[in-house]
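Structure data follow from upload.txt (compact mmCIF, C-alpha atoms):
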# COMPACT_ATOMS: atom_id res chain seq x y z
CA MET A 1 -111.58 0.43 24.05
CA ILE A 2 -113.45 -2.82 23.50
CA ASP A 3 -111.24 -5.54 22.01
CA ASP A 4 -111.47 -9.20 21.04
CA SER A 5 -109.44 -10.67 23.86
CA LYS A 6 -112.37 -11.59 26.08
CA PRO A 7 -116.15 -11.36 26.33
CA ILE A 8 -117.45 -7.80 26.03
CA PHE A 9 -119.58 -8.04 29.17
CA LEU A 10 -116.43 -8.67 31.20
CA GLN A 11 -114.79 -5.67 29.57
CA ILE A 12 -117.79 -3.48 30.44
CA ALA A 13 -117.66 -4.69 34.03
CA GLU A 14 -113.93 -3.93 34.16
CA LEU A 15 -114.42 -0.44 32.74
CA ILE A 16 -116.93 0.35 35.48
CA GLU A 17 -114.64 -1.19 38.10
CA ASN A 18 -111.74 0.92 36.84
CA GLY A 19 -113.91 4.02 37.20
CA ILE A 20 -114.72 3.09 40.76
CA VAL A 21 -111.12 2.23 41.71
CA ASP A 22 -109.65 5.43 40.28
CA GLY A 23 -112.41 7.51 41.82
CA ALA A 24 -114.10 8.68 38.61
CA MET A 25 -117.28 7.00 39.84
CA ALA A 26 -117.85 7.89 43.47
CA GLU A 27 -119.70 5.61 45.86
CA GLU A 28 -123.44 6.29 45.96
CA SER A 29 -123.24 8.08 42.60
CA GLN A 30 -125.39 6.98 39.69
CA VAL A 31 -123.76 5.01 36.87
CA PRO A 32 -124.92 5.37 33.25
CA SER A 33 -127.78 3.13 32.11
CA THR A 34 -127.10 -0.05 30.15
CA ASN A 35 -128.54 1.66 27.08
CA ASP A 36 -126.08 4.52 27.54
CA PHE A 37 -123.22 2.01 27.77
CA ALA A 38 -124.51 0.22 24.66
CA ALA A 39 -124.79 3.42 22.65
CA PHE A 40 -121.43 4.77 23.83
CA HIS A 41 -119.43 1.60 23.16
CA ARG A 42 -121.56 0.58 20.17
CA ILE A 43 -122.32 -2.80 21.63
CA ASN A 44 -125.42 -4.93 22.01
CA PRO A 45 -127.57 -3.65 24.92
CA ALA A 46 -128.05 -7.20 26.23
CA THR A 47 -124.27 -7.52 26.50
CA ALA A 48 -123.98 -4.22 28.34
CA ALA A 49 -126.73 -5.34 30.72
CA LYS A 50 -124.87 -8.59 31.38
CA GLY A 51 -121.75 -6.64 32.37
CA VAL A 52 -123.67 -4.33 34.69
CA ASN A 53 -125.56 -7.25 36.24
CA LEU A 54 -122.29 -8.98 37.01
CA LEU A 55 -121.43 -6.03 39.25
CA VAL A 56 -124.90 -6.01 40.79
CA ASP A 57 -124.48 -9.69 41.68
CA SER A 58 -121.15 -9.05 43.36
CA GLY A 59 -122.56 -6.12 45.32
CA ILE A 60 -120.48 -3.43 43.59
CA LEU A 61 -123.55 -1.77 42.11
CA TYR A 62 -127.12 -1.76 43.33
CA LYS A 63 -130.43 -0.97 41.71
CA ARG A 64 -132.84 1.70 42.83
CA ARG A 65 -136.13 0.76 41.36
CA GLY A 66 -137.27 3.21 38.70
CA ILE A 67 -134.20 5.41 39.10
CA GLY A 68 -131.17 3.43 37.98
CA MET A 69 -127.86 1.90 39.07
CA PHE A 70 -125.67 3.25 41.85
CA VAL A 71 -122.20 2.48 43.18
CA ALA A 72 -122.51 0.71 46.52
CA THR A 73 -120.83 2.02 49.66
CA GLY A 74 -117.68 0.00 50.25
CA ALA A 75 -117.42 -0.93 46.56
CA ARG A 76 -114.00 0.64 46.16
CA ALA A 77 -112.53 -1.15 49.16
CA GLN A 78 -113.96 -4.44 47.92
CA LEU A 79 -112.45 -3.96 44.47
CA VAL A 80 -109.08 -2.86 45.81
CA ALA A 81 -108.94 -5.93 48.05
CA ARG A 82 -109.72 -8.25 45.15
CA ARG A 83 -107.30 -6.58 42.78
CA THR A 84 -104.54 -6.68 45.37
CA GLU A 85 -104.98 -10.44 45.55
CA GLU A 86 -104.80 -10.69 41.78
CA PHE A 87 -101.84 -8.35 41.54
CA PHE A 88 -99.21 -11.05 42.01
CA GLU A 89 -100.54 -13.35 39.28
CA GLN A 90 -101.46 -10.60 36.89
CA TYR A 91 -98.53 -8.23 37.19
CA VAL A 92 -95.67 -9.53 39.31
CA LYS A 93 -95.34 -12.97 37.73
CA PRO A 94 -95.16 -11.77 34.10
CA LEU A 95 -92.80 -9.00 35.22
CA ALA A 96 -90.46 -11.51 36.86
CA LEU A 97 -90.68 -13.77 33.83
CA GLU A 98 -89.71 -11.04 31.39
CA ALA A 99 -86.93 -9.87 33.72
CA ARG A 100 -85.48 -13.39 33.81
CA LYS A 101 -85.65 -13.60 30.02
CA LEU A 102 -83.66 -10.37 29.74
CA GLY A 103 -81.20 -11.37 32.43
CA ILE A 104 -82.30 -8.64 34.83
CA SER A 105 -81.33 -9.68 38.35
CA PRO A 106 -83.82 -9.50 41.23
CA GLU A 107 -81.72 -6.68 42.70
CA GLN A 108 -81.88 -4.68 39.48
CA LEU A 109 -85.61 -5.32 39.28
CA THR A 110 -86.12 -4.11 42.84
CA SER A 111 -84.22 -0.94 42.14
CA MET A 112 -86.28 -0.38 39.00
CA ILE A 113 -89.49 -0.74 40.97
CA GLU A 114 -88.18 1.69 43.58
CA ARG A 115 -87.31 4.14 40.84
CA SER A 116 -90.76 3.84 39.23
CA SER A 117 -92.50 4.30 42.60
CA GLY A 118 -90.91 7.75 42.75
CA LEU A 119 -92.71 8.71 39.57
CA ALA A 120 -95.91 10.67 39.83
CA PRO A 121 -98.84 8.36 39.16
CA GLU A 122 -99.90 10.03 35.93
CA THR A 123 -101.90 8.17 33.33
CA GLY A 124 -98.85 8.22 31.07
CA THR A 125 -96.69 6.12 33.35
CA GLU A 126 -99.65 3.89 34.06
CA LYS A 127 -99.93 3.20 30.34
CA GLU A 128 -96.23 2.62 29.89
CA ARG A 129 -96.29 0.21 32.76
CA SER A 130 -99.10 -1.91 31.38
CA ALA A 131 -97.54 -1.73 27.93
CA ALA A 132 -94.26 -2.97 29.36
CA LEU A 133 -96.04 -5.94 30.83
CA MET B 1 -140.76 -12.32 26.17
CA ASN B 2 -137.85 -14.36 24.85
CA HIS B 3 -139.77 -16.98 22.93
CA THR B 4 -138.93 -18.59 19.63
CA ILE B 5 -140.32 -16.65 16.69
CA VAL B 6 -138.64 -18.40 13.78
CA GLU B 7 -138.31 -22.14 13.47
CA ALA B 8 -136.80 -23.66 10.33
CA ARG B 9 -136.65 -27.43 10.06
CA ASN B 10 -134.75 -29.44 7.47
CA LEU B 11 -134.88 -26.65 4.91
CA ILE B 12 -133.57 -27.65 1.53
CA LYS B 13 -133.45 -25.39 -1.50
CA ARG B 14 -132.24 -27.04 -4.65
CA TYR B 15 -131.42 -25.23 -7.88
CA LYS B 16 -130.77 -27.67 -10.71
CA ASP B 17 -127.50 -29.23 -9.57
CA LEU B 18 -126.82 -26.99 -6.59
CA ASN B 19 -128.08 -27.26 -3.04
CA ALA B 20 -128.38 -23.60 -2.01
CA LEU B 21 -129.64 -24.77 1.38
CA ASP B 22 -128.71 -28.20 2.55
CA ASN B 23 -130.85 -29.28 5.47
CA VAL B 24 -130.88 -26.08 7.49
CA ASN B 25 -132.25 -26.12 11.02
CA LEU B 26 -132.47 -22.80 12.76
CA SER B 27 -134.47 -21.21 15.51
CA LEU B 28 -134.49 -17.53 16.33
CA THR B 29 -135.50 -16.07 19.67
CA ALA B 30 -137.44 -12.84 20.05
CA ASN B 31 -135.69 -9.57 20.84
CA ARG B 32 -132.16 -10.40 19.85
CA ILE B 33 -129.79 -9.02 17.24
CA TYR B 34 -128.51 -11.85 15.09
CA GLY B 35 -125.63 -11.81 12.65
CA LEU B 36 -126.09 -14.01 9.61
CA LEU B 37 -122.60 -14.40 8.22
CA GLY B 38 -121.02 -16.30 5.38
CA ARG B 39 -119.38 -15.95 2.02
CA ASN B 40 -121.12 -14.86 -1.17
CA GLY B 41 -123.32 -17.66 -2.43
CA ALA B 42 -123.31 -19.42 0.95
CA GLY B 43 -127.12 -19.29 1.12
CA LYS B 44 -127.79 -16.25 3.33
CA THR B 45 -130.18 -14.46 0.97
CA THR B 46 -131.89 -17.74 0.02
CA LEU B 47 -132.52 -18.49 3.69
CA MET B 48 -133.90 -15.02 4.37
CA SER B 49 -136.06 -15.14 1.25
CA ILE B 50 -137.64 -18.41 2.37
CA LEU B 51 -138.22 -17.21 5.93
CA THR B 52 -139.97 -14.10 4.57
CA ALA B 53 -142.03 -16.13 2.07
CA GLN B 54 -140.39 -14.52 -0.94
CA ALA B 55 -139.14 -17.89 -2.15
CA PHE B 56 -140.18 -21.49 -1.72
CA ALA B 57 -138.11 -24.18 -0.11
CA THR B 58 -137.71 -27.39 -2.08
CA SER B 59 -138.53 -29.22 1.12
CA GLY B 60 -138.64 -28.63 4.81
CA GLU B 61 -140.64 -26.28 6.96
CA ALA B 62 -140.29 -22.66 8.03
CA LEU B 63 -142.56 -21.31 10.74
CA VAL B 64 -142.56 -17.61 11.54
CA PHE B 65 -144.60 -16.49 14.53
CA GLY B 66 -145.84 -20.07 14.63
CA ALA B 67 -147.27 -20.09 11.12
CA ASN B 68 -146.29 -20.39 7.49
CA ALA B 69 -145.67 -16.84 6.24
CA TYR B 70 -146.69 -17.54 2.65
CA GLU B 71 -149.65 -15.30 1.70
CA ASN B 72 -150.29 -14.85 5.40
CA ASP B 73 -150.87 -11.13 5.98
CA ALA B 74 -151.05 -11.51 9.74
CA VAL B 75 -147.47 -12.81 9.69
CA LEU B 76 -146.07 -10.73 6.81
CA SER B 77 -147.12 -7.44 8.39
CA ARG B 78 -144.81 -8.26 11.30
CA ILE B 79 -141.80 -8.91 9.04
CA CYS B 80 -139.59 -6.39 7.27
CA PHE B 81 -137.01 -7.62 4.77
CA ILE B 82 -134.56 -5.05 3.44
CA ARG B 83 -132.86 -6.50 0.41
CA GLU B 84 -129.48 -5.54 -0.90
CA SER B 85 -131.02 -4.32 -4.16
CA GLN B 86 -134.61 -3.48 -3.40
CA LYS B 87 -136.64 -2.50 -6.47
CA TYR B 88 -139.15 0.34 -6.31
CA PRO B 89 -141.78 1.46 -8.84
CA ASP B 90 -140.25 3.66 -11.54
CA ASP B 91 -141.78 6.97 -10.56
CA PHE B 92 -141.38 6.48 -6.80
CA GLN B 93 -139.64 9.04 -4.61
CA PRO B 94 -138.32 8.08 -1.14
CA GLN B 95 -141.31 9.83 0.45
CA HIS B 96 -143.64 7.52 -1.52
CA ALA B 97 -141.72 4.47 -0.38
CA PHE B 98 -142.01 5.70 3.22
CA ARG B 99 -145.75 6.30 2.80
CA SER B 100 -146.26 2.77 1.50
CA ALA B 101 -144.26 1.39 4.41
CA ALA B 102 -146.38 3.45 6.82
CA LEU B 103 -149.51 1.77 5.47
CA PHE B 104 -148.07 -1.69 5.82
CA TYR B 105 -146.24 -1.61 9.17
CA LYS B 106 -148.37 -0.89 12.20
CA ASN B 107 -145.37 0.24 14.31
CA TRP B 108 -144.15 2.70 11.64
CA ASP B 109 -142.73 5.87 13.19
CA GLN B 110 -142.90 8.73 10.67
CA GLY B 111 -141.05 11.12 12.96
CA PHE B 112 -138.17 8.65 13.23
CA ALA B 113 -138.14 8.18 9.44
CA ASP B 114 -137.99 11.97 8.96
CA ARG B 115 -135.11 12.29 11.41
CA LEU B 116 -133.24 9.44 9.70
CA ALA B 117 -133.79 10.99 6.25
CA GLU B 118 -132.25 14.17 7.60
CA ASP B 119 -129.35 12.27 9.23
CA PHE B 120 -128.60 10.49 5.97
CA GLN B 121 -129.16 13.70 3.98
CA LEU B 122 -131.55 11.85 1.73
CA PRO B 123 -133.41 13.93 -0.88
CA VAL B 124 -136.89 12.53 -0.16
CA LYS B 125 -138.47 14.23 -3.19
CA ARG B 126 -136.06 13.00 -5.82
CA ARG B 127 -137.02 10.04 -7.98
CA ILE B 128 -135.50 6.88 -6.51
CA LYS B 129 -134.21 5.97 -9.97
CA LYS B 130 -132.02 9.07 -9.85
CA LEU B 131 -130.53 8.38 -6.42
CA SER B 132 -126.93 7.31 -5.93
CA ARG B 133 -126.20 3.75 -4.77
CA GLY B 134 -125.61 4.99 -1.22
CA GLN B 135 -128.83 7.01 -1.17
CA LEU B 136 -130.73 3.97 -2.42
CA SER B 137 -129.28 1.95 0.46
CA ALA B 138 -130.30 4.74 2.85
CA VAL B 139 -133.92 4.40 1.71
CA GLY B 140 -133.81 0.72 2.68
CA VAL B 141 -132.08 1.36 5.98
CA ILE B 142 -134.65 4.02 6.92
CA ILE B 143 -137.59 1.73 6.07
CA GLY B 144 -135.97 -1.13 8.00
CA LEU B 145 -135.46 0.98 11.11
CA ALA B 146 -138.63 3.11 11.10
CA SER B 147 -140.94 0.15 10.42
CA ARG B 148 -139.95 -1.30 13.82
CA ALA B 149 -141.19 -4.66 12.58
CA GLU B 150 -140.97 -7.43 15.17
CA LEU B 151 -138.74 -9.35 12.79
CA THR B 152 -136.44 -7.27 10.60
CA PHE B 153 -133.94 -8.63 8.09
CA PHE B 154 -131.16 -6.44 6.73
CA ASP B 155 -129.45 -8.17 3.82
CA GLU B 156 -126.17 -6.31 3.29
CA PRO B 157 -127.91 -2.98 3.67
CA TYR B 158 -124.77 -0.89 3.37
CA LEU B 159 -123.82 -1.00 -0.34
CA GLY B 160 -122.55 2.41 -1.39
CA LEU B 161 -122.86 3.82 2.13
CA ASP B 162 -119.64 5.53 3.23
CA ALA B 163 -118.04 4.84 6.59
CA VAL B 164 -119.83 7.78 8.23
CA ALA B 165 -123.26 6.68 6.98
CA ARG B 166 -122.62 3.08 8.06
CA GLN B 167 -121.64 4.25 11.53
CA LEU B 168 -124.82 6.30 11.62
CA PHE B 169 -126.81 3.19 10.75
CA TYR B 170 -125.17 1.13 13.52
CA ASP B 171 -125.64 3.94 16.07
CA ARG B 172 -129.31 4.45 15.26
CA LEU B 173 -129.84 0.68 15.25
CA VAL B 174 -128.42 0.26 18.77
CA GLU B 175 -130.28 3.29 20.12
CA ASP B 176 -133.62 2.35 18.64
CA TYR B 177 -133.25 -1.32 19.53
CA SER B 178 -132.59 -0.31 23.16
CA GLU B 179 -135.85 1.63 23.22
CA HIS B 180 -137.82 -0.80 21.09
CA PRO B 181 -136.43 -4.32 21.41
CA ARG B 182 -137.19 -6.55 18.43
CA THR B 183 -135.54 -9.32 16.46
CA ILE B 184 -133.02 -8.13 13.93
CA ILE B 185 -131.10 -10.29 11.49
CA LEU B 186 -128.12 -8.51 10.06
CA SER B 187 -126.41 -10.13 7.12
CA SER B 188 -123.06 -8.53 6.50
CA HIS B 189 -119.62 -9.05 5.07
CA LEU B 190 -118.24 -6.20 7.16
CA ILE B 191 -118.01 -8.45 10.20
CA ASP B 192 -115.55 -6.30 12.15
CA GLU B 193 -117.95 -3.38 11.91
CA VAL B 194 -120.98 -5.22 13.27
CA ALA B 195 -119.39 -7.81 15.57
CA ASN B 196 -120.03 -5.89 18.80
CA LEU B 197 -123.67 -5.26 17.94
CA LEU B 198 -124.52 -8.94 17.70
CA GLU B 199 -125.93 -11.05 20.49
CA HIS B 200 -125.95 -14.25 18.49
CA VAL B 201 -124.04 -15.38 15.42
CA VAL B 202 -125.13 -17.79 12.71
CA VAL B 203 -122.54 -18.72 10.09
CA ILE B 204 -123.65 -20.43 6.93
CA ASP B 205 -121.24 -22.09 4.52
CA ARG B 206 -122.28 -23.70 1.26
CA GLY B 207 -125.86 -24.17 2.36
CA THR B 208 -125.03 -25.57 5.78
CA ILE B 209 -125.03 -23.83 9.13
CA ILE B 210 -121.56 -24.33 10.57
CA MET B 211 -121.83 -22.07 13.61
CA ASP B 212 -124.84 -21.07 15.69
CA ALA B 213 -123.71 -19.60 18.99
CA ASN B 214 -123.86 -16.72 21.39
CA ALA B 215 -121.49 -13.94 20.30
CA GLU B 216 -119.93 -13.76 23.76
CA GLU B 217 -119.20 -17.48 23.77
CA ILE B 218 -117.48 -17.16 20.43
CA ARG B 219 -115.37 -14.28 21.64
CA GLY B 220 -112.20 -15.81 23.00
CA SER B 221 -113.14 -19.31 21.80
CA ALA B 222 -110.12 -19.37 19.49
CA VAL B 223 -106.59 -18.15 19.97
CA THR B 224 -103.55 -17.58 17.79
CA VAL B 225 -100.24 -18.84 19.15
CA SER B 226 -97.06 -17.54 17.58
CA GLY B 227 -93.37 -18.05 18.12
CA SER B 228 -90.70 -20.48 17.02
CA ALA B 229 -92.37 -23.10 14.84
CA GLU B 230 -90.87 -25.97 16.80
CA LYS B 231 -92.20 -24.73 20.13
CA VAL B 232 -95.59 -23.72 18.72
CA ASP B 233 -96.12 -27.14 17.17
CA ALA B 234 -95.02 -28.95 20.31
CA PHE B 235 -97.30 -26.81 22.44
CA LEU B 236 -100.30 -27.30 20.16
CA ALA B 237 -99.83 -31.00 19.41
CA GLY B 238 -103.18 -32.77 19.24
CA ARG B 239 -105.27 -29.63 19.19
CA ARG B 240 -107.88 -28.50 16.69
CA ILE B 241 -105.90 -26.35 14.31
CA LEU B 242 -107.85 -23.91 12.14
CA HIS B 243 -105.00 -22.23 10.37
CA ARG B 244 -101.23 -22.29 10.18
CA GLU B 245 -98.86 -19.71 8.78
CA THR B 246 -95.11 -19.78 8.75
CA LEU B 247 -92.42 -17.21 8.21
CA GLY B 248 -88.98 -18.78 8.17
CA SER B 249 -88.58 -20.55 11.51
CA LEU B 250 -91.58 -18.72 12.97
CA ALA B 251 -95.11 -20.05 13.00
CA SER B 252 -98.46 -18.49 13.75
CA VAL B 253 -101.15 -21.06 14.42
CA THR B 254 -104.82 -20.49 15.16
CA VAL B 255 -106.56 -23.13 17.25
CA ASP B 256 -110.26 -23.46 17.82
CA GLU B 257 -109.89 -23.93 21.55
CA VAL B 258 -109.89 -22.02 24.80
CA LEU B 259 -106.63 -22.17 26.73
CA SER B 260 -106.79 -22.51 30.49
CA GLY B 261 -104.97 -20.06 32.73
CA ARG B 262 -102.30 -22.66 33.37
CA GLU B 263 -101.83 -23.26 29.65
CA ARG B 264 -101.52 -19.55 29.02
CA THR B 265 -98.81 -19.26 31.64
CA GLU B 266 -97.08 -22.27 30.15
CA ALA B 267 -97.18 -20.67 26.71
CA GLN B 268 -95.71 -17.48 28.10
CA GLU B 269 -92.96 -19.38 29.83
CA LEU B 270 -92.12 -21.01 26.51
CA GLY B 271 -91.84 -17.53 25.02
CA LEU B 272 -94.91 -17.98 22.84
CA GLU B 273 -97.19 -15.11 22.08
CA LEU B 274 -100.96 -15.44 22.40
CA SER B 275 -103.27 -13.17 20.50
CA PRO B 276 -107.06 -12.99 20.31
CA VAL B 277 -108.96 -13.97 17.18
CA SER B 278 -111.66 -11.57 16.03
CA LEU B 279 -115.07 -12.82 14.92
CA GLN B 280 -114.16 -11.85 11.37
CA GLN B 281 -110.91 -13.81 11.46
CA LEU B 282 -112.70 -16.78 12.95
CA VAL B 283 -115.40 -16.75 10.27
CA VAL B 284 -112.77 -16.42 7.55
CA ARG B 285 -110.80 -19.34 8.99
CA LYS B 286 -113.87 -21.53 9.35
CA THR B 287 -115.30 -20.86 5.94
CA MET B 288 -111.87 -21.11 4.36
CA ALA B 289 -111.24 -24.44 6.04
CA GLY B 290 -114.32 -25.55 4.12
CA ALA B 291 -113.17 -24.22 0.77
CA GLY B 292 -109.66 -25.61 1.04
CA ALA B 293 -110.20 -29.13 2.26
CA THR B 294 -111.99 -31.99 0.58
CA GLY B 295 -115.65 -31.16 0.06
CA THR B 296 -118.14 -32.18 2.70
CA GLY B 297 -115.74 -33.58 5.27
CA SER B 298 -114.69 -30.15 6.41
CA GLY B 299 -118.27 -29.18 7.14
CA ASP B 300 -118.46 -32.12 9.50
CA PHE B 301 -115.25 -30.95 11.09
CA ALA B 302 -116.74 -27.54 11.85
CA ARG B 303 -119.92 -29.08 13.19
CA ASP B 304 -118.00 -31.47 15.37
CA THR B 305 -116.03 -28.55 16.67
CA MET B 306 -119.15 -26.68 17.68
CA GLU B 307 -120.61 -29.74 19.33
CA ALA B 308 -117.42 -30.42 21.19
CA ARG B 309 -117.65 -26.94 22.62
CA ARG B 310 -121.15 -27.39 24.01

Mind turning the file's structure into structure tokens?
Amino acid sequence: MIDDSKPIFLQIAELIENGIVDGAMAEESQVPSTNDFAAFHRINPATAAKGVNLLVDSGILYKRRGIGMFVATGARAQLVARRTEEFFEQYVKPLALEARKLGISPEQLTSMIERSSGLAPETGTEKERSAAL
Amino acid sequence: MNHTIVEARNLIKRYKDLNALDNVNLSLTANRIYGLLGRNGAGKTTLMSILTAQAFATSGEALVFGANAYENDAVLSRICFIRESQKYPDDFQPQHAFRSAALFYKNWDQGFADRLAEDFQLPVKRRIKKLSRGQLSAVGVIIGLASRAELTFFDEPYLGLDAVARQLFYDRLVEDYSEHPRTIILSSHLIDEVANLLEHVVVIDRGTIIMDANAEEIRGSAVTVSGSAEKVDAFLAGRRILHRETLGSLASVTVDEVLSGRERTEAQELGLELSPVSLQQLVVRKTMAGAGATGTGSGDFARDTMEARR
């Protein structure tokens, strides 16, 4: 799951964010400890802590002294808002670029997107989509 | 808590006509996991031997816990050095080695050692001489972990350990380090296996430290650009090139630089492919750059590169 493309602490933060966005980590639920993250992903505990702290700083997680880390109320909405802003740069632009390279017209592209929206949002299609990008 | 515990200044170790260490300066901070990486004969073991007072430097100074470790029990009892080929007395069994370690290291955890011996399926009552290479390595790994010394060196501790046993070592290391933070220096050739465990990376090449940086800063500090050779070369003109490979009209070039978001988009628009460079690849490229080019100049190149990054 962890790769070399960017700093591991960012990848840890993203993994937690993904869990929050897709609902696997509910708001006000406890997230695993940094040591749990370190052991599970086989990474340096200081790195795991850096990733978790990034989310504490942005208000996604909060600390309860002596108990642990929890997902803040409103965290999901905050993440969805941010990711929606990033969606154009991250997904739409490369999509349009590849389409142009292949000679796919904007109309064809639109119809493809409409077709894919009809698909059930399973993890499989999700994977195919990111792979295609 | 995060203070300097090792300070090496201008260390030189000269053997006849070879400089095993050539003016090494290094400082290690408490409670981090360091990777000490480099090719065979680069000077890793020499450096660790001097820091643990098992060898003398020709010149220079090495302070550990603020003092010279040589014949200094107060310092030595806080250091554990697991060598690649540790020698034990002839009639020793692993349980004897553990008992000796228990006497020497004040943080020794016998329960942990017992659990590890079980995990590694080590016959603790067999003579060490009769153990397999992997079992011998397991003895060292167990002593290194269970001693919980404030400063622990593992010098290629994995010889003969199979993939499962190595994974066990890494897992126990991370778990125990989380519970009992300490300074660990891991010297390894299996860089891909340990890369994610490291907080800081020191690369030594022919007696000189050519990289001394936070592991997370190194991650993503180089990139490989591939595509049509003409476009790749035009795109990368004037950049610090670490390595270049060609296949017909295609080229794959690794540069020691971070690309900005705009540059990445530009590369994509040109139809170039960007791929990350692993720590192992980066170390190979950097230490190969040294071996290929003309002698000392390349070392300067690598140093300049690191300085440019800061």

Can you tell me how far atom CA of Val202 of chain B sits from atom CA of Asn10 of chain B, in Å to one decimal?
16.0 Å

Using only C-alpha atoms, what table do you get, as JSON lines, when you list each residue of chain A with an atom no more than 12 Å from chain B, its nearest pair of atoms, and their distance in Å rounded to one decimal, rows by chain then rising number?
{"residue": "A:Met1", "atom": "CA", "partner": "B:Asn196", "partner_atom": "CA", "distance": 11.8}
{"residue": "A:Ile2", "atom": "CA", "partner": "B:Asn196", "partner_atom": "CA", "distance": 8.6}
{"residue": "A:Asp3", "atom": "CA", "partner": "B:Ser278", "partner_atom": "CA", "distance": 8.5}
{"residue": "A:Asp4", "atom": "CA", "partner": "B:Ser278", "partner_atom": "CA", "distance": 5.5}
{"residue": "A:Ser5", "atom": "CA", "partner": "B:Pro276", "partner_atom": "CA", "distance": 4.9}
{"residue": "A:Lys6", "atom": "CA", "partner": "B:Gly220", "partner_atom": "CA", "distance": 5.2}
{"residue": "A:Pro7", "atom": "CA", "partner": "B:Glu216", "partner_atom": "CA", "distance": 5.2}
{"residue": "A:Ile8", "atom": "CA", "partner": "B:Glu216", "partner_atom": "CA", "distance": 6.8}
{"residue": "A:Phe9", "atom": "CA", "partner": "B:Glu216", "partner_atom": "CA", "distance": 7.9}
{"residue": "A:Leu10", "atom": "CA", "partner": "B:Glu216", "partner_atom": "CA", "distance": 9.7}
{"residue": "A:Gln11", "atom": "CA", "partner": "B:Glu216", "partner_atom": "CA", "distance": 11.2}
{"residue": "A:Ser33", "atom": "CA", "partner": "B:Ser178", "partner_atom": "CA", "distance": 10.7}
{"residue": "A:Thr34", "atom": "CA", "partner": "B:Ser178", "partner_atom": "CA", "distance": 8.9}
{"residue": "A:Asn35", "atom": "CA", "partner": "B:Ser178", "partner_atom": "CA", "distance": 6.0}
{"residue": "A:Asp36", "atom": "CA", "partner": "B:Glu175", "partner_atom": "CA", "distance": 8.6}
{"residue": "A:Phe37", "atom": "CA", "partner": "B:Glu175", "partner_atom": "CA", "distance": 10.5}
{"residue": "A:Ala38", "atom": "CA", "partner": "B:Val174", "partner_atom": "CA", "distance": 7.1}
{"residue": "A:Ala39", "atom": "CA", "partner": "B:Glu175", "partner_atom": "CA", "distance": 6.0}
{"residue": "A:Phe40", "atom": "CA", "partner": "B:Asp171", "partner_atom": "CA", "distance": 8.9}
{"residue": "A:His41", "atom": "CA", "partner": "B:Asn196", "partner_atom": "CA", "distance": 8.7}
{"residue": "A:Arg42", "atom": "CA", "partner": "B:Leu197", "partner_atom": "CA", "distance": 6.6}
{"residue": "A:Ile43", "atom": "CA", "partner": "B:Leu197", "partner_atom": "CA", "distance": 4.6}
{"residue": "A:Asn44", "atom": "CA", "partner": "B:Leu197", "partner_atom": "CA", "distance": 4.4}
{"residue": "A:Pro45", "atom": "CA", "partner": "B:Ser178", "partner_atom": "CA", "distance": 6.3}
{"residue": "A:Ala46", "atom": "CA", "partner": "B:Glu199", "partner_atom": "CA", "distance": 7.2}
{"residue": "A:Thr47", "atom": "CA", "partner": "B:Glu199", "partner_atom": "CA", "distance": 7.2}
{"residue": "A:Ala48", "atom": "CA", "partner": "B:Leu197", "partner_atom": "CA", "distance": 10.5}
{"residue": "A:Ala49", "atom": "CA", "partner": "B:Ser178", "partner_atom": "CA", "distance": 10.8}
{"residue": "A:Lys50", "atom": "CA", "partner": "B:Glu216", "partner_atom": "CA", "distance": 10.4}
{"residue": "A:Gly51", "atom": "CA", "partner": "B:Glu216", "partner_atom": "CA", "distance": 11.3}
{"residue": "A:Glu89", "atom": "CA", "partner": "B:Thr265", "partner_atom": "CA", "distance": 9.8}
{"residue": "A:Gln90", "atom": "CA", "partner": "B:Thr265", "partner_atom": "CA", "distance": 10.5}
{"residue": "A:Lys93", "atom": "CA", "partner": "B:Thr265", "partner_atom": "CA", "distance": 9.4}
{"residue": "A:Pro94", "atom": "CA", "partner": "B:Gln268", "partner_atom": "CA", "distance": 8.3}
{"residue": "A:Leu95", "atom": "CA", "partner": "B:Gln268", "partner_atom": "CA", "distance": 11.4}
{"residue": "A:Ala96", "atom": "CA", "partner": "B:Glu269", "partner_atom": "CA", "distance": 10.8}
{"residue": "A:Leu97", "atom": "CA", "partner": "B:Glu269", "partner_atom": "CA", "distance": 7.3}
{"residue": "A:Glu98", "atom": "CA", "partner": "B:Glu269", "partner_atom": "CA", "distance": 9.1}
{"residue": "A:Ala99", "atom": "CA", "partner": "B:Glu269", "partner_atom": "CA", "distance": 11.9}
{"residue": "A:Arg100", "atom": "CA", "partner": "B:Glu269", "partner_atom": "CA", "distance": 10.4}
{"residue": "A:Lys101", "atom": "CA", "partner": "B:Gly271", "partner_atom": "CA", "distance": 8.9}
{"residue": "A:Leu102", "atom": "CA", "partner": "B:Gly271", "partner_atom": "CA", "distance": 11.9}
{"residue": "A:Leu133", "atom": "CA", "partner": "B:Gln268", "partner_atom": "CA", "distance": 11.9}

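Interatomic distance, atom CA of Asp205 of chain B to atom CA of Ala42 of chain B: 4.9 Å.
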
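For the atom pair formed by atom CA of Gly160 of chain B and atom CA of Ser137 of chain B, the distance is 7.0 Å, given to one decimal.
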
Val139 of chain B surroundings by all atoms listed in the file, 10 Å radius, close-in-sequence under 6 positions cut, as a list in words
Ile82, Gln86, Gln93, Pro94, Gln95, Ala97, Phe98, Ala113, Leu116, Ala117, Phe120, Leu122, Pro123, Val124, Ile128, Leu131 and Pro157 of chain B

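With distances restricted to all atoms listed in the file, B:His96 is the closest residue to Arg127 of chain B from B:Arg9, B:Lys44, B:His96, B:Lys286.
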